[in-house]
Each structure stands twice: as C-alpha cells, then as structure tokens.
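These notes are about the structure you will find just below.
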Amino acid sequence: MDKISYGKLREAPRTLLRDAVPLLAPFTIYVEPTNICNFKCVYCPESFEDFEQRSGGLTRMDLQGFECVSDQIKAMGGIKTLNFYMMGEPLVNRDLPQFVSIARQKQIADRIILTSNGSLLGEDAARRLIEAGLDYLRISIYGGNASAHARKTQSKVPLDRVQSNVAKFRELRDDLRGATFIYAKMIDSGDPVENAEFLERFAPIVDEAAIEPVMNWNDPSEGNLAQVDAETLLQRPNFQNRKTVCPQPFYTLVVHADLRVSVCCVDWAKEAVVGDLKIETLAEVWRGAALRDFQLAHLEGRKSELAACKNCTFLNTMPDNLDDLSPDEYRDRAETVEFA
C-alpha cells in the first residue's frame with residue numbers, strides 16, 4: 001500500500017483558484033449516499049428534532065441515481081476528488097460499496113474518499129469497499145473514551161465496536177493487499193487527556209491518526225452547532241485565512257441523496273441548492289444561471305443575502321482566496337469559457 005498519506009494529500013500544492021476560475025468542471029464533488037445517521041451527535045444538525053423536516057426528508061440514493069450521477073461526472077471529463085459524505089452515515093446505504101465500484105470502473109475521479117463513523121463497517125462491507133478500489137477511508141471518532149463517545153454521539157454503539165471494526169478493516173485490507181489508506185481523526189476535544197486516549201486507541205490500527213481543529217457549521221449560532229463561540233473560534237490558526245468571498249461555490253458541488261445539488265458541504269438544510277438532477281444534468285447545473293448568480297453574490301459582497309452563507313465562518317478555514325477577483329473580471333472570463 002503506497003498511497004500518499006491523507007495529511008500530505010491535504011498539504012499538496014493547489015491550483016491557484018483565483019487565476020483558474022471559472023472551471024470547466026468542479027475539482028471536488030461530494031455525493032451523499034444518505035442523510036440518515038445512526039448517531040445523533042450533539043453538535044450536528046442530525047440531533048435536531050426537526051432535522052427531517054428542515055432537510056427535506058430522510059432519503060437514500062439508489063443505484064439508478066448514482067449511475068446517473070457517475071455518468072454525468074464522466075460526461076464532464078471527470079473530477080479530482082469524489083467524496084462519499086455529506087450528512088448521514090454513508091454505510092446506512094447498503095449500496096455504497098457498489099457506488100465505489102461504479103465510480104472506480106468508470107474512472108470518474110482521481111481519488112475516491114469515504115468518511116464514516118465506523119459503526120457499520122462490518123466484514124462484508126469492508127471487503128466490498130476494499131475490493132471496489134476505495135482510495136481513502138476517513139474514520140470520524142467523536143470521543144477518546146467510552147463515556148465521551150456515548151455522550152457526544154447519543155448512540156448505543158460502543159466505542160470498542162468502532163475500534164474493533166477499524167482494526168478488522170486494516171487486517172482485511174492487508175490480507176487482500178488492498179490500497180485503501182485508513183485515516184482516523186477526532187475533533188480537538190479541548191482535553192489533552194481525551195485527545196491522548198483517542199491517539200492511543202486508534203494510532204496503532206490505522207495508517208494515520210490526527211487531532212483536527214474545531215470547525216463550525218454554516219450557522220453556528222443555532223442549537224448546539226457551535227462547539228466554541230465565534231470570536232474564540234476565529235482566533236484559532238485554522239480560521240486565520242479571513243476572507244469575504246467563499247471559494248467553495250467556485251470548485252465544489254454537493255449531490256444530496258435526493259439528487260438536489262448544492263454548492264456547500266455544510267449546507268445541511270439545503271439553503272444553497274442551485275439545481276436538481278431530476279430535471280437537469282450536472283453540467284447544466286455547473287454552467288447554469290443559479291450557480292453563477294450565487295458566485296457573483298459572493299464576489300459582489302452580497303453574501304449576507306444568502307441564507308446559507310450570511311452567518312457562516314466555515315469559509316475562513318479554506319486556503320483559497322478570491323477576494324481580489326472582481327465581479328466584472330469574472331463575468332468577462334465566464335463569457336469566453338468554451339465548454340465541451
């Protein structure tokens with residue numbers, strides 16, 4: 001297994017987005033296999049009593065839907081990264097390994113990544129994911145010890161089961177000589193002892209384990225979504241790339257399980273939807289007026305008019321910066337882009 005580590009992948013040189021946009025196709029597409037989760041983490045919208053209503057219903061993407069998505073990505077020339085993740089636990093959708101296999105067979109992305117809480121990573125799913133050609137498995141851990149895990153996830157799945165599943169995945173991958181890189185991460189708990197407990201549990205059984213900095217959802221003022229207050233958060237190193245224009249709408253799309261298309265990977269309430277694959281193609285969404293208007297709202301300093309963006313701090317975690325790209329320059333470029 002000779003894949004670059006997930007940490008180094010994140011640190012790899014990036015295209016200078018300011019000079020590259022508008023792109024012929026997104027660099028990254030998030031596909032949400034389902035927005036159903038078996039955890040109800042206290043700082044996640046899944047824990048809201050009205051999550052089902054506000055997210056537009058609980059759904060799973062079916063094979064026909066993903067075949068459509070994959071064909072449309074292929075028609076656009078492929079992408080750099082396909083992420084199986086948005087809301088929900090992806091492995092609640094039992095077709096997920098087949099999604100990975102389809103994506104690999106059609107060669108629609110340079111790399112395929114899955115983010116999972118690990119609770120449903122049984123031997124059958126593990127084998128199918130490895131054999132399908134999954135590049136990176138990101139395991140999200142929510143507590144460094146059993147009590148913290150139970151308190152934060154509000155689930156009956158013990159941390160020991162997650163740990164056992166991950167260890168068995170590693171063993172199976174090695175036995176099969178698979179190429180899936182296993183990365184386990186926990187958001188900084190603020191407690192050095194708990195952080196150390198996480199690393200002690202998971203570092204020996206994965207390829208890379210890390211404590212990641214705190215991030216917030218697009219409206220951290222709501223419910224329990226803010227793990228720390230906004231002012232404290234914005235002083236942290238990972239929030240120091242302060243900007244007014246969010247780069248995400250310029251290089252990313254999210255295909256929700258119901259086939260609606262959003263511009264943002266934290267748009268859990270679907271307030272940044274710019275299309276619907278039930279009635280249009282992915283290329284039409286990417287090149288369409290709704291997305292262009294959304295992008296121009298950011299470039300023109302009208303972010304506060306966008307429900308999904310007005311209270312968001314998540315943009316400040318992103319390394320790309322488009323603040324000095326004028327709306328007129330972007331319009332001029334967009335008019336000269338020749339799509340295949």
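Labels for the structure tokens follow display order: chains A, B, ..., residues from 1 in each chain, ligands from 1.
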Out of region 34-233 of chain A, which residues get alpha helix (DSSP H) from DSSP, as a ChimeraX atom specification?
/A:51-54,63-75,96-106,123-132,146-153,159-176,192-202,230-233
With C-alpha atoms retained, export the selected residues as a short mmCIF file (atom, residue, chain, number, x, y, z; two decimals), in the first residue's frame.
```
data_model
loop_
_atom_site.label_atom_id
_atom_site.label_comp_id
_atom_site.auth_asym_id
_atom_site.auth_seq_id
_atom_site.Cartn_x
_atom_site.Cartn_y
_atom_site.Cartn_z
CA PHE A 51 -33.93 17.72 11.12
CA GLU A 52 -36.08 15.53 8.86
CA GLN A 53 -38.46 18.36 8.05
CA ARG A 54 -35.80 21.03 7.56
CA LEU A 63 -28.24 2.60 -7.68
CA GLN A 64 -30.07 4.18 -10.58
CA GLY A 65 -29.50 7.60 -9.06
CA PHE A 66 -25.78 7.05 -8.61
CA GLU A 67 -25.42 5.56 -12.09
CA CYS A 68 -26.91 8.81 -13.36
CA VAL A 69 -24.57 10.92 -11.23
CA SER A 70 -21.49 8.94 -12.25
CA ASP A 71 -22.38 9.11 -15.96
CA GLN A 72 -22.80 12.86 -15.70
CA ILE A 73 -19.47 13.30 -13.93
CA LYS A 74 -17.87 11.21 -16.67
CA ALA A 75 -19.51 13.38 -19.33
CA LEU A 96 -22.41 2.21 -1.00
CA PRO A 97 -19.70 -0.35 -1.88
CA GLN A 98 -21.32 -0.72 -5.30
CA PHE A 99 -21.25 3.08 -5.70
CA VAL A 100 -17.49 2.96 -5.11
CA SER A 101 -17.11 0.12 -7.59
CA ILE A 102 -19.08 2.01 -10.25
CA ALA A 103 -17.01 5.16 -9.72
CA ARG A 104 -13.78 3.19 -9.99
CA GLN A 105 -14.85 1.26 -13.09
CA LYS A 106 -15.94 4.44 -14.87
CA GLU A 123 -16.58 -7.54 7.37
CA ASP A 124 -18.80 -7.77 4.30
CA ALA A 125 -18.90 -4.01 3.75
CA ALA A 126 -15.19 -3.76 4.44
CA ARG A 127 -14.29 -6.44 1.92
CA ARG A 128 -16.51 -4.92 -0.75
CA LEU A 129 -15.08 -1.42 -0.22
CA ILE A 130 -11.50 -2.66 -0.42
CA GLU A 131 -12.16 -4.77 -3.49
CA ALA A 132 -14.07 -1.89 -5.12
CA ALA A 146 -16.27 5.26 26.05
CA SER A 147 -18.14 7.81 28.15
CA ALA A 148 -17.21 10.78 25.95
CA HIS A 149 -18.19 8.82 22.84
CA ALA A 150 -21.59 7.86 24.29
CA ARG A 151 -22.28 11.39 25.49
CA LYS A 152 -21.35 13.10 22.22
CA THR A 153 -22.88 10.61 19.77
CA LEU A 159 -16.56 2.93 21.06
CA ASP A 160 -15.00 -0.53 21.41
CA ARG A 161 -17.12 -1.75 18.47
CA VAL A 162 -15.90 1.09 16.27
CA GLN A 163 -12.32 0.36 17.29
CA SER A 164 -12.78 -3.34 16.54
CA ASN A 165 -14.33 -2.62 13.14
CA VAL A 166 -11.44 -0.38 12.16
CA ALA A 167 -8.85 -2.91 13.32
CA LYS A 168 -10.57 -5.66 11.32
CA PHE A 169 -10.72 -3.42 8.24
CA ARG A 170 -6.96 -2.90 8.49
CA GLU A 171 -6.34 -6.64 8.82
CA LEU A 172 -8.60 -7.44 5.88
CA ARG A 173 -7.02 -4.77 3.71
CA ASP A 174 -3.58 -6.14 4.42
CA ASP A 175 -4.71 -9.71 3.76
CA LEU A 176 -6.26 -8.66 0.43
CA PRO A 192 -5.37 16.81 26.34
CA VAL A 193 -6.12 13.59 28.21
CA GLU A 194 -9.06 12.69 25.97
CA ASN A 195 -7.07 13.58 22.86
CA ALA A 196 -4.28 11.28 24.03
CA GLU A 197 -6.79 8.48 24.70
CA PHE A 198 -8.02 8.73 21.12
CA LEU A 199 -4.49 8.52 19.72
CA GLU A 200 -3.63 5.59 22.00
CA ARG A 201 -6.69 3.68 20.80
CA PHE A 202 -6.53 4.37 17.07
CA ALA A 230 -17.50 32.57 17.15
CA GLU A 231 -14.98 35.09 18.47
CA THR A 232 -12.86 32.39 20.10
CA LEU A 233 -13.14 30.23 17.00
#
```
Polymer residues at most 8 Å from Thr59 (chain A), only C-alpha atoms, same-chain spacing of 2 or more positions, as number ranges by chain
A: 34-36, 57, 61, 257-258
Write out, as a PDB file, in the first residue's frame, the residues just selected, with N, CA and C atoms.
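Saved as again16.pdb:
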```pdb
ATOM      1  N   THR A  34     -26.754   8.938   1.799  1.00  0.00           N
ATOM      2  CA  THR A  34     -27.972   9.067   2.596  1.00  0.00           C
ATOM      3  C   THR A  34     -27.782  10.198   3.587  1.00  0.00           C
ATOM      4  N   ASN A  35     -28.885  10.795   4.008  1.00  0.00           N
ATOM      5  CA  ASN A  35     -28.788  11.768   5.098  1.00  0.00           C
ATOM      6  C   ASN A  35     -29.325  11.187   6.397  1.00  0.00           C
ATOM      7  N   ILE A  36     -29.426   9.868   6.449  1.00  0.00           N
ATOM      8  CA  ILE A  36     -29.845   9.157   7.650  1.00  0.00           C
ATOM      9  C   ILE A  36     -28.604   8.748   8.442  1.00  0.00           C
ATOM     10  N   GLY A  57     -36.580  15.839   4.212  1.00  0.00           N
ATOM     11  CA  GLY A  57     -36.913  14.421   4.306  1.00  0.00           C
ATOM     12  C   GLY A  57     -35.682  13.543   4.403  1.00  0.00           C
ATOM     13  N   MET A  61     -29.896   7.456  -1.630  1.00  0.00           N
ATOM     14  CA  MET A  61     -29.703   7.426  -3.079  1.00  0.00           C
ATOM     15  C   MET A  61     -29.717   5.975  -3.535  1.00  0.00           C
ATOM     16  N   ALA A 257     -28.631  13.163  -1.364  1.00  0.00           N
ATOM     17  CA  ALA A 257     -29.232  11.851  -1.612  1.00  0.00           C
ATOM     18  C   ALA A 257     -30.528  11.952  -2.408  1.00  0.00           C
ATOM     19  N   ASP A 258     -31.216  13.100  -2.334  1.00  0.00           N
ATOM     20  CA  ASP A 258     -32.447  13.288  -3.101  1.00  0.00           C
ATOM     21  C   ASP A 258     -32.181  13.885  -4.482  1.00  0.00           C
TER      22      ASP A 258
END
```
If we count only C-alpha atoms and set the cut-off at 10 Å, which residues sit around Ser116 (chain A), ignoring sequence neighbours fewer than 4 positions away in its own chain? Please answer as a list of chain:residue names.
A:Phe84, A:Tyr85, A:Gly88, A:Glu89, A:Pro90, A:Leu91, A:Val92, A:Leu120, A:Leu121, A:Leu137, A:Arg138, A:Ile139, A:Ser140, A:Ile141, A:Ala184
Residue among A:Asp135, A:Asp188, A:Asp62, A:Asp332 lying closest to Leu259 (chain A), counting only C-alpha atoms
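Result for the nearest residue to Leu259 (chain A): A:Asp62.
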Could you check the closest approach to Arg260 (chain A) for each of A:Gly178, A:Gly56, A:Gly7, A:Pro45 and tell me which residue wins, using only C-alpha atoms?
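Ranked by minimum distance to Arg260 (chain A), first place goes to A:Gly56.
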Nearest to Val21 (chain A), restricted to only C-alpha atoms and choosing among A:Val274, A:Met318, A:Lys156, A:Gln248, comes out as A:Gln248
Do you know which residues are at most 9 Å from Phe294 (chain A) counting only C-alpha atoms, after dropping those on the same chain fewer than 6 positions away, and could you put them as a list in words?
Pro249, Val263, Ala272, Val274, Lys303 and Leu306 of chain A
